[in-house]
file structure-v7.cif (mmCIF, C-alpha atoms; chains and numbers go by the auth columns)
data_upload
#
loop_
_atom_site.group_PDB
_atom_site.id
_atom_site.type_symbol
_atom_site.label_atom_id
_atom_site.label_comp_id
_atom_site.label_asym_id
_atom_site.label_seq_id
_atom_site.Cartn_x
_atom_site.Cartn_y
_atom_site.Cartn_z
_atom_site.B_iso_or_equiv
_atom_site.auth_seq_id
_atom_site.auth_asym_id
ATOM 1 C CA MET A 1 1.808 -28.106 -0.306 0.00 1 L
ATOM 2 C CA MET A 2 0.983 -26.363 -3.553 0.00 2 L
ATOM 3 C CA GLY A 3 1.991 -28.189 -6.725 0.00 3 L
ATOM 4 C CA ARG A 4 3.604 -26.554 -9.733 0.00 4 L
ATOM 5 C CA TYR A 5 0.352 -26.440 -11.726 0.00 5 L
ATOM 6 C CA GLU A 6 -1.565 -24.802 -8.870 0.00 6 L
ATOM 7 C CA LEU A 7 1.292 -22.348 -8.317 0.00 7 L
ATOM 8 C CA LEU A 8 1.283 -21.277 -11.974 0.00 8 L
ATOM 9 C CA LEU A 9 -2.498 -20.927 -12.044 0.00 9 L
ATOM 10 C CA ALA A 10 -2.416 -18.878 -8.822 0.00 10 L
ATOM 11 C CA LEU A 11 0.221 -16.632 -10.421 0.00 11 L
ATOM 12 C CA ALA A 12 -1.936 -16.305 -13.550 0.00 12 L
ATOM 13 C CA ALA A 13 -4.997 -15.425 -11.417 0.00 13 L
ATOM 14 C CA ALA A 14 -3.030 -12.771 -9.510 0.00 14 L
ATOM 15 C CA LEU A 15 -1.667 -11.253 -12.727 0.00 15 L
ATOM 16 C CA PHE A 16 -5.127 -11.251 -14.327 0.00 16 L
ATOM 17 C CA ALA A 17 -6.593 -9.470 -11.280 0.00 17 L
ATOM 18 C CA MET A 18 -3.766 -6.916 -11.359 0.00 18 L
ATOM 19 C CA GLY A 19 -4.392 -6.253 -15.063 0.00 19 L
ATOM 20 C CA LEU A 20 -8.101 -5.833 -14.397 0.00 20 L
ATOM 21 C CA PHE A 21 -7.276 -3.400 -11.594 0.00 21 L
ATOM 22 C CA GLY A 22 -5.120 -1.362 -14.000 0.00 22 L
ATOM 23 C CA VAL A 23 -7.870 -1.267 -16.626 0.00 23 L
ATOM 24 C CA MET A 24 -10.341 0.007 -14.034 0.00 24 L
ATOM 25 C CA VAL A 25 -8.313 2.609 -12.175 0.00 25 L
ATOM 26 C CA ARG A 26 -5.604 4.056 -14.420 0.00 26 L
ATOM 27 C CA ARG A 27 -6.369 7.327 -16.221 0.00 27 L
ATOM 28 C CA ASN A 28 -3.763 7.089 -18.967 0.00 28 L
ATOM 29 C CA LEU A 29 -4.977 5.168 -22.036 0.00 29 L
ATOM 30 C CA LEU A 30 -1.481 3.826 -22.726 0.00 30 L
ATOM 31 C CA VAL A 31 -1.243 2.270 -19.266 0.00 31 L
ATOM 32 C CA VAL A 32 -4.767 0.865 -19.702 0.00 32 L
ATOM 33 C CA VAL A 33 -3.563 -0.901 -22.881 0.00 33 L
ATOM 34 C CA MET A 34 -0.531 -2.179 -20.952 0.00 34 L
ATOM 35 C CA SER A 35 -2.890 -3.531 -18.281 0.00 35 L
ATOM 36 C CA VAL A 36 -4.801 -5.394 -21.009 0.00 36 L
ATOM 37 C CA GLU A 37 -1.444 -6.884 -22.035 0.00 37 L
ATOM 38 C CA LEU A 38 -0.942 -7.995 -18.417 0.00 38 L
ATOM 39 C CA MET A 39 -4.281 -9.810 -18.578 0.00 39 L
ATOM 40 C CA LEU A 40 -3.363 -11.436 -21.903 0.00 40 L
ATOM 41 C CA ASN A 41 -0.060 -12.591 -20.437 0.00 41 L
ATOM 42 C CA ALA A 42 -1.916 -14.135 -17.505 0.00 42 L
ATOM 43 C CA VAL A 43 -4.093 -16.092 -19.953 0.00 43 L
ATOM 44 C CA VAL A 44 -0.993 -17.262 -21.869 0.00 44 L
ATOM 45 C CA LEU A 45 0.542 -18.408 -18.583 0.00 45 L
ATOM 46 C CA SER A 46 -2.541 -20.452 -17.732 0.00 46 L
ATOM 47 C CA PHE A 47 -2.461 -22.110 -21.182 0.00 47 L
ATOM 48 C CA VAL A 48 1.226 -22.944 -20.782 0.00 48 L
ATOM 49 C CA ALA A 49 0.560 -24.340 -17.303 0.00 49 L
ATOM 50 C CA ALA A 50 -2.144 -26.579 -18.793 0.00 50 L
ATOM 51 C CA ALA A 51 0.192 -27.641 -21.621 0.00 51 L
ATOM 52 C CA ASP A 52 2.894 -28.492 -19.089 0.00 52 L
ATOM 53 C CA ARG A 53 0.466 -30.514 -17.011 0.00 53 L
ATOM 54 C CA THR A 54 -1.081 -32.478 -19.869 0.00 54 L
ATOM 55 C CA GLN A 55 2.119 -32.674 -21.970 0.00 55 L
ATOM 56 C CA THR A 56 0.089 -31.976 -25.099 0.00 56 L
ATOM 57 C CA LEU A 57 0.507 -29.555 -27.948 0.00 57 L
ATOM 58 C CA ASP A 58 -2.850 -27.795 -27.690 0.00 58 L
ATOM 59 C CA GLY A 59 -2.046 -25.383 -24.861 0.00 59 L
ATOM 60 C CA ALA A 60 1.203 -24.260 -26.467 0.00 60 L
ATOM 61 C CA ALA A 61 -0.485 -23.956 -29.886 0.00 61 L
ATOM 62 C CA MET A 62 -3.188 -21.745 -28.417 0.00 62 L
ATOM 63 C CA THR A 63 -0.542 -19.299 -27.167 0.00 63 L
ATOM 64 C CA PHE A 64 0.517 -18.768 -30.791 0.00 64 L
ATOM 65 C CA PHE A 65 -2.990 -17.569 -31.669 0.00 65 L
ATOM 66 C CA ILE A 66 -3.104 -15.367 -28.563 0.00 66 L
ATOM 67 C CA TYR A 67 0.134 -13.732 -29.723 0.00 67 L
ATOM 68 C CA VAL A 68 -1.367 -13.116 -33.175 0.00 68 L
ATOM 69 C CA ALA A 69 -4.488 -11.546 -31.625 0.00 69 L
ATOM 70 C CA ALA A 70 -2.334 -9.442 -29.275 0.00 70 L
ATOM 71 C CA THR A 71 -0.221 -8.193 -32.171 0.00 71 L
ATOM 72 C CA CYS A 72 -3.314 -7.151 -34.150 0.00 72 L
ATOM 73 C CA GLU A 73 -4.804 -5.539 -31.059 0.00 73 L
ATOM 74 C CA ILE A 74 -1.695 -3.522 -30.322 0.00 74 L
ATOM 75 C CA ALA A 75 -1.294 -2.358 -33.947 0.00 75 L
ATOM 76 C CA VAL A 76 -4.853 -0.988 -34.038 0.00 76 L
ATOM 77 C CA ALA A 77 -4.755 0.289 -30.433 0.00 77 L
ATOM 78 C CA MET A 78 -1.559 2.279 -30.931 0.00 78 L
ATOM 79 C CA ALA A 79 -2.888 3.882 -34.135 0.00 79 L
ATOM 80 C CA LEU A 80 -6.113 4.800 -32.294 0.00 80 L
ATOM 81 C CA LEU A 81 -4.141 6.186 -29.332 0.00 81 L
ATOM 82 C CA VAL A 82 -2.075 8.481 -31.530 0.00 82 L
ATOM 83 C CA LEU A 83 -5.262 9.602 -33.317 0.00 83 L
ATOM 84 C CA LEU A 84 -7.025 10.343 -30.006 0.00 84 L
ATOM 85 C CA ALA A 85 -3.976 12.119 -28.563 0.00 85 L
ATOM 86 C CA ARG A 86 -3.785 14.381 -31.626 0.00 86 L
ATOM 87 C CA ARG A 87 -7.522 15.165 -31.592 0.00 87 L
ATOM 88 C CA ARG A 88 -7.999 15.758 -27.863 0.00 88 L
ATOM 89 C CA GLY A 89 -4.485 16.746 -26.883 0.00 89 L
ATOM 90 C CA THR A 90 -4.492 14.279 -24.015 0.00 90 L
ATOM 91 C CA LEU A 91 -4.607 10.565 -23.272 0.00 91 L
ATOM 92 C CA ASP A 92 -6.661 11.109 -20.116 0.00 92 L
ATOM 93 C CA LEU A 93 -9.715 8.825 -20.123 0.00 93 L
ATOM 94 C CA ALA A 94 -11.746 11.653 -18.555 0.00 94 L
ATOM 95 C CA ALA A 95 -11.504 13.470 -21.909 0.00 95 L
ATOM 96 C CA GLU A 96 -13.518 10.698 -23.595 0.00 96 L
ATOM 97 C CA GLN A 97 -16.801 11.606 -21.939 0.00 97 L
ATOM 98 C CA GLU A 98 -18.948 11.166 -25.032 0.00 98 L
ATOM 99 C CA LEU A 99 -18.203 7.442 -25.011 0.00 99 L
ATOM 100 C CA LYS A 100 -20.731 7.092 -22.178 0.00 100 L
ATOM 101 C CA GLY A 101 -23.629 4.945 -23.345 0.00 101 L
ATOM 102 C CA MET B 1 15.708 -26.570 -8.517 0.00 1 C
ATOM 103 C CA THR B 2 13.403 -25.752 -11.444 0.00 2 C
ATOM 104 C CA ASP B 3 10.579 -24.970 -9.030 0.00 3 C
ATOM 105 C CA VAL B 4 12.825 -22.516 -7.176 0.00 4 C
ATOM 106 C CA PHE B 5 13.474 -20.632 -10.407 0.00 5 C
ATOM 107 C CA ILE B 6 9.767 -20.693 -11.290 0.00 6 C
ATOM 108 C CA VAL B 7 8.888 -19.191 -7.899 0.00 7 C
ATOM 109 C CA LEU B 8 11.678 -16.601 -8.217 0.00 8 C
ATOM 110 C CA PHE B 9 10.658 -15.479 -11.706 0.00 9 C
ATOM 111 C CA GLY B 10 6.991 -15.603 -10.689 0.00 10 C
ATOM 112 C CA LEU B 11 7.650 -13.224 -7.797 0.00 11 C
ATOM 113 C CA LEU B 12 9.648 -10.943 -10.103 0.00 12 C
ATOM 114 C CA ALA B 13 6.792 -11.006 -12.642 0.00 13 C
ATOM 115 C CA LEU B 14 4.361 -9.970 -9.879 0.00 14 C
ATOM 116 C CA VAL B 15 6.654 -7.156 -8.734 0.00 15 C
ATOM 117 C CA PHE B 16 7.108 -5.782 -12.254 0.00 16 C
ATOM 118 C CA ALA B 17 3.342 -6.018 -12.880 0.00 17 C
ATOM 119 C CA GLY B 18 2.890 -3.929 -9.728 0.00 18 C
ATOM 120 C CA VAL B 19 5.401 -1.403 -11.046 0.00 19 C
ATOM 121 C CA VAL B 20 3.429 -1.149 -14.325 0.00 20 C
ATOM 122 C CA LEU B 21 0.343 -0.192 -12.321 0.00 21 C
ATOM 123 C CA ALA B 22 2.102 2.131 -9.891 0.00 22 C
ATOM 124 C CA VAL B 23 4.443 4.350 -11.906 0.00 23 C
ATOM 125 C CA ARG B 24 3.371 7.652 -13.396 0.00 24 C
ATOM 126 C CA GLN B 25 5.396 7.807 -16.615 0.00 25 C
ATOM 127 C CA PRO B 26 4.197 5.438 -19.390 0.00 26 C
ATOM 128 C CA MET B 27 7.787 4.880 -20.563 0.00 27 C
ATOM 129 C CA ARG B 28 8.725 3.475 -17.147 0.00 28 C
ATOM 130 C CA ALA B 29 5.538 1.384 -17.169 0.00 29 C
ATOM 131 C CA ALA B 30 6.464 0.034 -20.627 0.00 30 C
ATOM 132 C CA LEU B 31 9.972 -0.903 -19.471 0.00 31 C
ATOM 133 C CA ALA B 32 8.517 -2.604 -16.373 0.00 32 C
ATOM 134 C CA LEU B 33 6.154 -4.501 -18.695 0.00 33 C
ATOM 135 C CA VAL B 34 9.150 -5.621 -20.784 0.00 34 C
ATOM 136 C CA ALA B 35 10.819 -6.913 -17.599 0.00 35 C
ATOM 137 C CA HIS B 36 7.550 -8.640 -16.594 0.00 36 C
ATOM 138 C CA MET B 37 7.279 -10.380 -19.970 0.00 37 C
ATOM 139 C CA THR B 38 10.920 -11.449 -19.834 0.00 38 C
ATOM 140 C CA CYS B 39 10.289 -13.036 -16.416 0.00 39 C
ATOM 141 C CA LEU B 40 7.327 -14.939 -17.894 0.00 40 C
ATOM 142 C CA ALA B 41 9.552 -16.087 -20.783 0.00 41 C
ATOM 143 C CA ALA B 42 12.030 -17.365 -18.181 0.00 42 C
ATOM 144 C CA ILE B 43 9.207 -19.321 -16.510 0.00 43 C
ATOM 145 C CA TYR B 44 8.265 -20.873 -19.883 0.00 44 C
ATOM 146 C CA ALA B 45 11.924 -21.803 -20.443 0.00 45 C
ATOM 147 C CA CYS B 46 12.012 -23.427 -16.977 0.00 46 C
ATOM 148 C CA LEU B 47 8.940 -25.452 -17.980 0.00 47 C
ATOM 149 C CA ASN B 48 10.789 -26.629 -21.141 0.00 48 C
ATOM 150 C CA VAL B 49 8.206 -24.924 -23.345 0.00 49 C
ATOM 151 C CA HIS B 50 10.959 -23.228 -25.306 0.00 50 C
ATOM 152 C CA VAL B 51 8.727 -22.435 -28.282 0.00 51 C
ATOM 153 C CA VAL B 52 6.453 -20.211 -26.208 0.00 52 C
ATOM 154 C CA ALA B 53 9.477 -18.630 -24.481 0.00 53 C
ATOM 155 C CA LEU B 54 10.807 -17.759 -27.952 0.00 54 C
ATOM 156 C CA PHE B 55 7.420 -16.364 -29.016 0.00 55 C
ATOM 157 C CA GLN B 56 7.266 -14.334 -25.824 0.00 56 C
ATOM 158 C CA VAL B 57 10.658 -12.728 -26.349 0.00 57 C
ATOM 159 C CA LEU B 58 10.507 -12.290 -30.127 0.00 58 C
ATOM 160 C CA ILE B 59 6.864 -11.274 -30.587 0.00 59 C
ATOM 161 C CA TYR B 60 5.896 -9.637 -27.297 0.00 60 C
ATOM 162 C CA VAL B 61 9.140 -8.066 -26.094 0.00 61 C
ATOM 163 C CA GLY B 62 10.749 -7.671 -29.500 0.00 62 C
ATOM 164 C CA ALA B 63 7.821 -6.436 -31.560 0.00 63 C
ATOM 165 C CA VAL B 64 4.807 -5.409 -29.482 0.00 64 C
ATOM 166 C CA MET B 65 6.674 -3.575 -26.731 0.00 65 C
ATOM 167 C CA VAL B 66 9.099 -1.865 -29.097 0.00 66 C
ATOM 168 C CA PHE B 67 6.047 -0.670 -31.038 0.00 67 C
ATOM 169 C CA MET B 68 4.554 0.631 -27.785 0.00 68 C
ATOM 170 C CA VAL B 69 7.775 2.435 -26.848 0.00 69 C
ATOM 171 C CA TYR B 70 7.844 4.127 -30.275 0.00 70 C
ATOM 172 C CA THR B 71 4.240 5.262 -29.740 0.00 71 C
ATOM 173 C CA ILE B 72 5.109 6.727 -26.318 0.00 72 C
ATOM 174 C CA MET B 73 7.953 8.657 -27.931 0.00 73 C
ATOM 175 C CA LEU B 74 5.490 10.099 -30.469 0.00 74 C
ATOM 176 C CA LEU B 75 3.299 11.551 -27.716 0.00 75 C
ATOM 177 C CA ASP B 76 3.594 14.718 -25.663 0.00 76 C
ATOM 178 C CA ASP B 77 5.136 14.031 -22.239 0.00 77 C
ATOM 179 C CA ARG B 78 3.448 17.129 -20.737 0.00 78 C
ATOM 180 C CA ASP B 79 0.095 15.379 -21.008 0.00 79 C
ATOM 181 C CA VAL B 80 -2.121 15.835 -17.920 0.00 80 C
ATOM 182 C CA ALA B 81 -2.753 12.066 -17.931 0.00 81 C
ATOM 183 C CA TYR B 82 0.926 11.594 -17.049 0.00 82 C
ATOM 184 C CA ARG B 83 0.543 13.537 -13.798 0.00 83 C
ATOM 185 C CA ARG B 84 -2.633 12.007 -12.369 0.00 84 C
ATOM 186 C CA ARG B 85 -2.391 8.268 -12.073 0.00 85 C
ATOM 187 C CA PHE B 86 -5.689 6.956 -10.775 0.00 86 C
ATOM 188 C CA SER B 87 -9.301 7.684 -11.669 0.00 87 C
ATOM 189 C CA ALA B 88 -12.193 8.103 -9.250 0.00 88 C
ATOM 190 C CA THR B 89 -12.907 4.360 -9.514 0.00 89 C
ATOM 191 C CA LEU B 90 -9.883 3.447 -7.376 0.00 90 C
ATOM 192 C CA ALA B 91 -11.870 1.958 -4.479 0.00 91 C
ATOM 193 C CA PRO B 92 -14.288 -0.061 -6.703 0.00 92 C
ATOM 194 C CA GLY B 93 -11.274 -1.143 -8.773 0.00 93 C
ATOM 195 C CA ILE B 94 -9.536 -2.562 -5.708 0.00 94 C
ATOM 196 C CA VAL B 95 -12.728 -4.376 -4.651 0.00 95 C
ATOM 197 C CA VAL B 96 -13.360 -5.851 -8.128 0.00 96 C
ATOM 198 C CA ALA B 97 -9.713 -6.943 -8.541 0.00 97 C
ATOM 199 C CA LEU B 98 -9.788 -8.635 -5.107 0.00 98 C
ATOM 200 C CA VAL B 99 -13.123 -10.337 -5.810 0.00 99 C
ATOM 201 C CA VAL B 100 -12.086 -11.573 -9.279 0.00 100 C
ATOM 202 C CA GLY B 101 -8.634 -12.662 -8.089 0.00 101 C
ATOM 203 C CA GLY B 102 -10.172 -14.411 -5.087 0.00 102 C
ATOM 204 C CA ALA B 103 -12.796 -16.117 -7.272 0.00 103 C
ATOM 205 C CA LEU B 104 -10.128 -17.363 -9.701 0.00 104 C
ATOM 206 C CA LEU B 105 -8.009 -18.682 -6.827 0.00 105 C
ATOM 207 C CA ARG B 106 -11.106 -20.292 -5.330 0.00 106 C
ATOM 208 C CA LEU B 107 -11.749 -22.037 -8.667 0.00 107 C
ATOM 209 C CA LEU B 108 -8.414 -23.779 -8.242 0.00 108 C
ATOM 210 C CA GLY B 109 -9.782 -25.452 -5.173 0.00 109 C
ATOM 211 C CA PRO B 110 -7.738 -26.811 -2.292 0.00 110 C
ATOM 212 C CA ASP B 111 -7.862 -30.366 -3.614 0.00 111 C
ATOM 213 C CA SER B 112 -7.792 -30.417 -7.409 0.00 112 C
ATOM 214 C CA PRO B 113 -7.514 -34.065 -8.488 0.00 113 C
ATOM 215 C CA PRO B 114 -4.085 -35.304 -9.538 0.00 114 C
ATOM 216 C CA TYR B 115 -3.734 -35.428 -13.293 0.00 115 C
ATOM 217 C CA GLN B 116 -2.277 -38.417 -15.092 0.00 116 C
ATOM 218 C CA ALA B 117 0.040 -36.912 -17.665 0.00 117 C
ATOM 219 C CA ALA B 118 0.012 -38.382 -21.136 0.00 118 C
ATOM 220 C CA GLN B 119 2.628 -41.044 -21.622 0.00 119 C
ATOM 221 C CA THR B 120 3.945 -39.492 -24.799 0.00 120 C
ATOM 222 C CA PRO B 121 7.085 -37.408 -24.324 0.00 121 C
ATOM 223 C CA ALA B 122 6.849 -33.616 -24.325 0.00 122 C
ATOM 224 C CA SER B 123 6.688 -32.254 -27.850 0.00 123 C
ATOM 225 C CA PHE B 124 7.782 -28.705 -27.220 0.00 124 C
ATOM 226 C CA SER B 125 11.109 -28.673 -29.026 0.00 125 C
ATOM 227 C CA PHE B 126 11.016 -26.214 -31.879 0.00 126 C
ATOM 228 C CA ALA B 127 11.258 -28.760 -34.709 0.00 127 C
ATOM 229 C CA THR B 128 8.661 -31.145 -33.237 0.00 128 C
ATOM 230 C CA PHE B 129 6.333 -28.320 -32.353 0.00 129 C
ATOM 231 C CA SER B 130 6.549 -26.793 -35.846 0.00 130 C
ATOM 232 C CA THR B 131 5.865 -30.086 -37.602 0.00 131 C
ATOM 233 C CA GLU B 132 2.947 -31.043 -35.364 0.00 132 C
ATOM 234 C CA PHE B 133 1.571 -27.510 -35.393 0.00 133 C
ATOM 235 C CA MET B 134 1.481 -27.294 -39.175 0.00 134 C
ATOM 236 C CA ALA B 135 0.022 -30.805 -39.428 0.00 135 C
ATOM 237 C CA ARG B 136 -2.862 -30.075 -37.051 0.00 136 C
ATOM 238 C CA TYR B 137 -3.397 -26.327 -37.169 0.00 137 C
ATOM 239 C CA TRP B 138 -2.520 -25.286 -40.724 0.00 138 C
ATOM 240 C CA LEU B 139 -6.044 -23.935 -41.405 0.00 139 C
ATOM 241 C CA HIS B 140 -6.006 -21.921 -38.167 0.00 140 C
ATOM 242 C CA PHE B 141 -2.537 -20.694 -39.087 0.00 141 C
ATOM 243 C CA GLU B 142 -3.841 -19.435 -42.447 0.00 142 C
ATOM 244 C CA LEU B 143 -6.813 -17.774 -40.717 0.00 143 C
ATOM 245 C CA ALA B 144 -4.388 -16.100 -38.308 0.00 144 C
ATOM 246 C CA THR B 145 -2.529 -14.599 -41.262 0.00 145 C
ATOM 247 C CA VAL B 146 -5.854 -13.212 -42.519 0.00 146 C
ATOM 248 C CA LEU B 147 -6.426 -11.683 -39.065 0.00 147 C
ATOM 249 C CA LEU B 148 -2.987 -10.059 -39.241 0.00 148 C
ATOM 250 C CA LEU B 149 -3.843 -8.658 -42.674 0.00 149 C
ATOM 251 C CA VAL B 150 -7.108 -7.257 -41.300 0.00 150 C
ATOM 252 C CA GLY B 151 -5.125 -5.679 -38.450 0.00 151 C
ATOM 253 C CA ILE B 152 -2.765 -3.992 -40.900 0.00 152 C
ATOM 254 C CA VAL B 153 -5.692 -2.674 -42.978 0.00 153 C
ATOM 255 C CA ALA B 154 -7.441 -1.410 -39.817 0.00 154 C
ATOM 256 C CA ALA B 155 -4.317 0.417 -38.602 0.00 155 C
ATOM 257 C CA TRP B 156 -3.883 1.916 -42.086 0.00 156 C
ATOM 258 C CA ALA B 157 -7.540 3.059 -42.080 0.00 157 C
ATOM 259 C CA VAL B 158 -7.035 4.772 -38.705 0.00 158 C
ATOM 260 C CA ILE B 159 -3.930 6.559 -39.997 0.00 159 C
ATOM 261 C CA ARG B 160 -5.882 7.728 -43.091 0.00 160 C
ATOM 262 C CA GLU B 161 -8.612 9.040 -40.775 0.00 161 C
ATOM 263 C CA GLU B 162 -5.946 11.014 -38.928 0.00 162 C
ATOM 264 C CA ARG B 163 -4.807 12.722 -42.129 0.00 163 C
ATOM 265 C CA ARG B 164 -8.299 14.004 -43.003 0.00 164 C
#
call {"tool": "encode", "arguments": {"input": "structure-v7.cif", "output": "structure tokens"}}
result
Amino acid sequence: MMGRYELLLALAAALFAMGLFGVMVRRNLLVVVMSVELMLNAVVLSFVAAADRTQTLDGAAMTFFIYVAATCEIAVAMALLVLLARRRGTLDLAAEQELKG
Amino acid sequence: MTDVFIVLFGLLALVFAGVVLAVRQPMRAALALVAHMTCLAAIYACLNVHVVALFQVLIYVGAVMVFMVYTIMLLDDRDVAYRRRFSATLAPGIVVALVVGGALLRLLGPDSPPYQAAQTPASFSFATFSTEFMARYWLHFELATVLLLVGIVAAWAVIREERR
């Protein structure tokens, strides 16, 4: 029988894998950013699960800093997306060929 | 009873995450993501971590996702990226997601040792959390505000670049 902590961590693992899948396979940059948000949410869930298990402040406090990082990330990402969409006329990742290393 | 709700909202969160990955229109994906985040906030509320549930709704759903929806409205909905969903890396993507998900589940292990919870009562009420947070993490809090300022400056620099 799976306990609550294991259940939450399994859910977080599944959500993280789904986010990773979205980052790898979706063509639209906006949906790729949303998939990154899915992964961030999975990490937050794992921190909250740890906080619930240990009944300490640290896990919950860490989520606050994840939210701050996510907010910064989304502010810069959205500005970059609009800039790219105006320059290339599309959000298709295939249009960003020169980013190849 | 709480565990039933956690399982229910967990399943809903998984379904909405699947919808985010499956739908073609980014607006529908964004709304599915909002529903997904709300389900996670419900899980946090079930766990009595009300502070994080509040953060989730106010910051993620209220600010980040509304920002994303505004951005989608700024863009052209005849974009070719809206018609074709998946790139050529679909098969490797499925394999990598399965391997990473399986590895993370494997890390859990079938017999993780039982944890002895701290004897102190949970300190996740808003007032207790705020007091303890500012007592222990005030420097990190100040650094986080600097990070936010850097984010604002970076977004402003990108917008200036766009005007050139």
call {"tool": "closest_atom_pairs", "arguments": {"input": "structure-v7.cif", "of": "chain C", "to": "chain L", "cutoff": "6 Å", "atoms": "only C-alpha atoms", "output": "Markdown table"}}
result
| residue | atom | partner | partner_atom | distance |
| --- | --- | --- | --- | --- |
| C:Leu21 | CA | L:Gly22 | CA | 5.8 |
| C:Asp79 | CA | L:Thr90 | CA | 5.6 |
| C:Ala81 | CA | L:Asp92 | CA | 4.6 |
| C:Arg85 | CA | L:Arg26 | CA | 5.8 |
| C:Phe86 | CA | L:Arg26 | CA | 4.7 |
| C:Ser87 | CA | L:Val25 | CA | 5.2 |
| C:Thr89 | CA | L:Val25 | CA | 5.6 |
| C:Leu90 | CA | L:Val25 | CA | 5.1 |
| C:Gly93 | CA | L:Phe21 | CA | 5.4 |
| C:Ala97 | CA | L:Ala17 | CA | 4.9 |
| C:Gly101 | CA | L:Ala17 | CA | 5.0 |
| C:Leu104 | CA | L:Ala13 | CA | 5.7 |
| C:Leu105 | CA | L:Ala10 | CA | 5.9 |
| C:Ala117 | CA | L:Thr54 | CA | 5.1 |
| C:Ala122 | CA | L:Gln55 | CA | 5.4 |
| C:Leu148 | CA | L:Cys72 | CA | 5.9 |
| C:Gly151 | CA | L:Cys72 | CA | 4.9 |
| C:Ala155 | CA | L:Val76 | CA | 4.8 |
| C:Glu162 | CA | L:Leu83 | CA | 5.8 |
call {"tool": "atom_distance", "arguments": {"input": "structure-v7.cif", "atom1": "atom CA of Phe47 of chain L", "atom2": "atom CA of Gly59 of chain L"}}
result
4.9 Å
call {"tool": "atom_distance", "arguments": {"input": "structure-v7.cif", "atom1": "atom CA of Glu142 of chain C", "atom2": "atom CA of Leu47 of chain C"}}
result
28.3 Å
call {"tool": "atom_distance", "arguments": {"input": "structure-v7.cif", "atom1": "atom CA of Arg28 of chain C", "atom2": "atom CA of Val66 of chain C"}}
result
13.1 Å
call {"tool": "decode", "arguments": {"input": "structure-v7.cif", "residues": "segment 12-24 of chain L", "atoms": "N, CA and C atoms", "output": "PDB file, in the first residue's frame"}}
result
ATOM      1  N   ALA L  12       4.493  13.742  -8.594  1.00  0.00           N
ATOM      2  CA  ALA L  12       5.479  14.741  -9.018  1.00  0.00           C
ATOM      3  C   ALA L  12       6.374  14.178 -10.118  1.00  0.00           C
ATOM      4  N   ALA L  13       6.791  12.905  -9.985  1.00  0.00           N
ATOM      5  CA  ALA L  13       7.645  12.285 -11.009  1.00  0.00           C
ATOM      6  C   ALA L  13       6.907  12.206 -12.344  1.00  0.00           C
ATOM      7  N   ALA L  14       5.631  11.804 -12.288  1.00  0.00           N
ATOM      8  CA  ALA L  14       4.842  11.697 -13.527  1.00  0.00           C
ATOM      9  C   ALA L  14       4.687  13.061 -14.188  1.00  0.00           C
ATOM     10  N   LEU L  15       4.405  14.089 -13.377  1.00  0.00           N
ATOM     11  CA  LEU L  15       4.225  15.433 -13.939  1.00  0.00           C
ATOM     12  C   LEU L  15       5.536  15.967 -14.525  1.00  0.00           C
ATOM     13  N   PHE L  16       6.647  15.677 -13.832  1.00  0.00           N
ATOM     14  CA  PHE L  16       7.953  16.122 -14.338  1.00  0.00           C
ATOM     15  C   PHE L  16       8.246  15.466 -15.688  1.00  0.00           C
ATOM     16  N   ALA L  17       7.964  14.153 -15.781  1.00  0.00           N
ATOM     17  CA  ALA L  17       8.214  13.432 -17.041  1.00  0.00           C
ATOM     18  C   ALA L  17       7.318  13.978 -18.154  1.00  0.00           C
ATOM     19  N   MET L  18       6.070  14.308 -17.813  1.00  0.00           N
ATOM     20  CA  MET L  18       5.169  14.869 -18.826  1.00  0.00           C
ATOM     21  C   MET L  18       5.669  16.240 -19.307  1.00  0.00           C
ATOM     22  N   GLY L  19       6.150  17.059 -18.377  1.00  0.00           N
ATOM     23  CA  GLY L  19       6.703  18.360 -18.753  1.00  0.00           C
ATOM     24  C   GLY L  19       7.916  18.202 -19.654  1.00  0.00           C
ATOM     25  N   LEU L  20       8.781  17.251 -19.300  1.00  0.00           N
ATOM     26  CA  LEU L  20       9.967  16.994 -20.117  1.00  0.00           C
ATOM     27  C   LEU L  20       9.566  16.553 -21.522  1.00  0.00           C
ATOM     28  N   PHE L  21       8.544  15.700 -21.585  1.00  0.00           N
ATOM     29  CA  PHE L  21       8.027  15.245 -22.880  1.00  0.00           C
ATOM     30  C   PHE L  21       7.555  16.444 -23.713  1.00  0.00           C
ATOM     31  N   GLY L  22       6.835  17.364 -23.081  1.00  0.00           N
ATOM     32  CA  GLY L  22       6.351  18.552 -23.795  1.00  0.00           C
ATOM     33  C   GLY L  22       7.485  19.416 -24.302  1.00  0.00           C
ATOM     34  N   VAL L  23       8.526  19.582 -23.471  1.00  0.00           N
ATOM     35  CA  VAL L  23       9.681  20.388 -23.893  1.00  0.00           C
ATOM     36  C   VAL L  23      10.350  19.764 -25.111  1.00  0.00           C
ATOM     37  N   MET L  24      10.391  18.414 -25.134  1.00  0.00           N
ATOM     38  CA  MET L  24      11.099  17.749 -26.233  1.00  0.00           C
ATOM     39  C   MET L  24      10.313  17.693 -27.533  1.00  0.00           C
TER      40      MET L  24
END
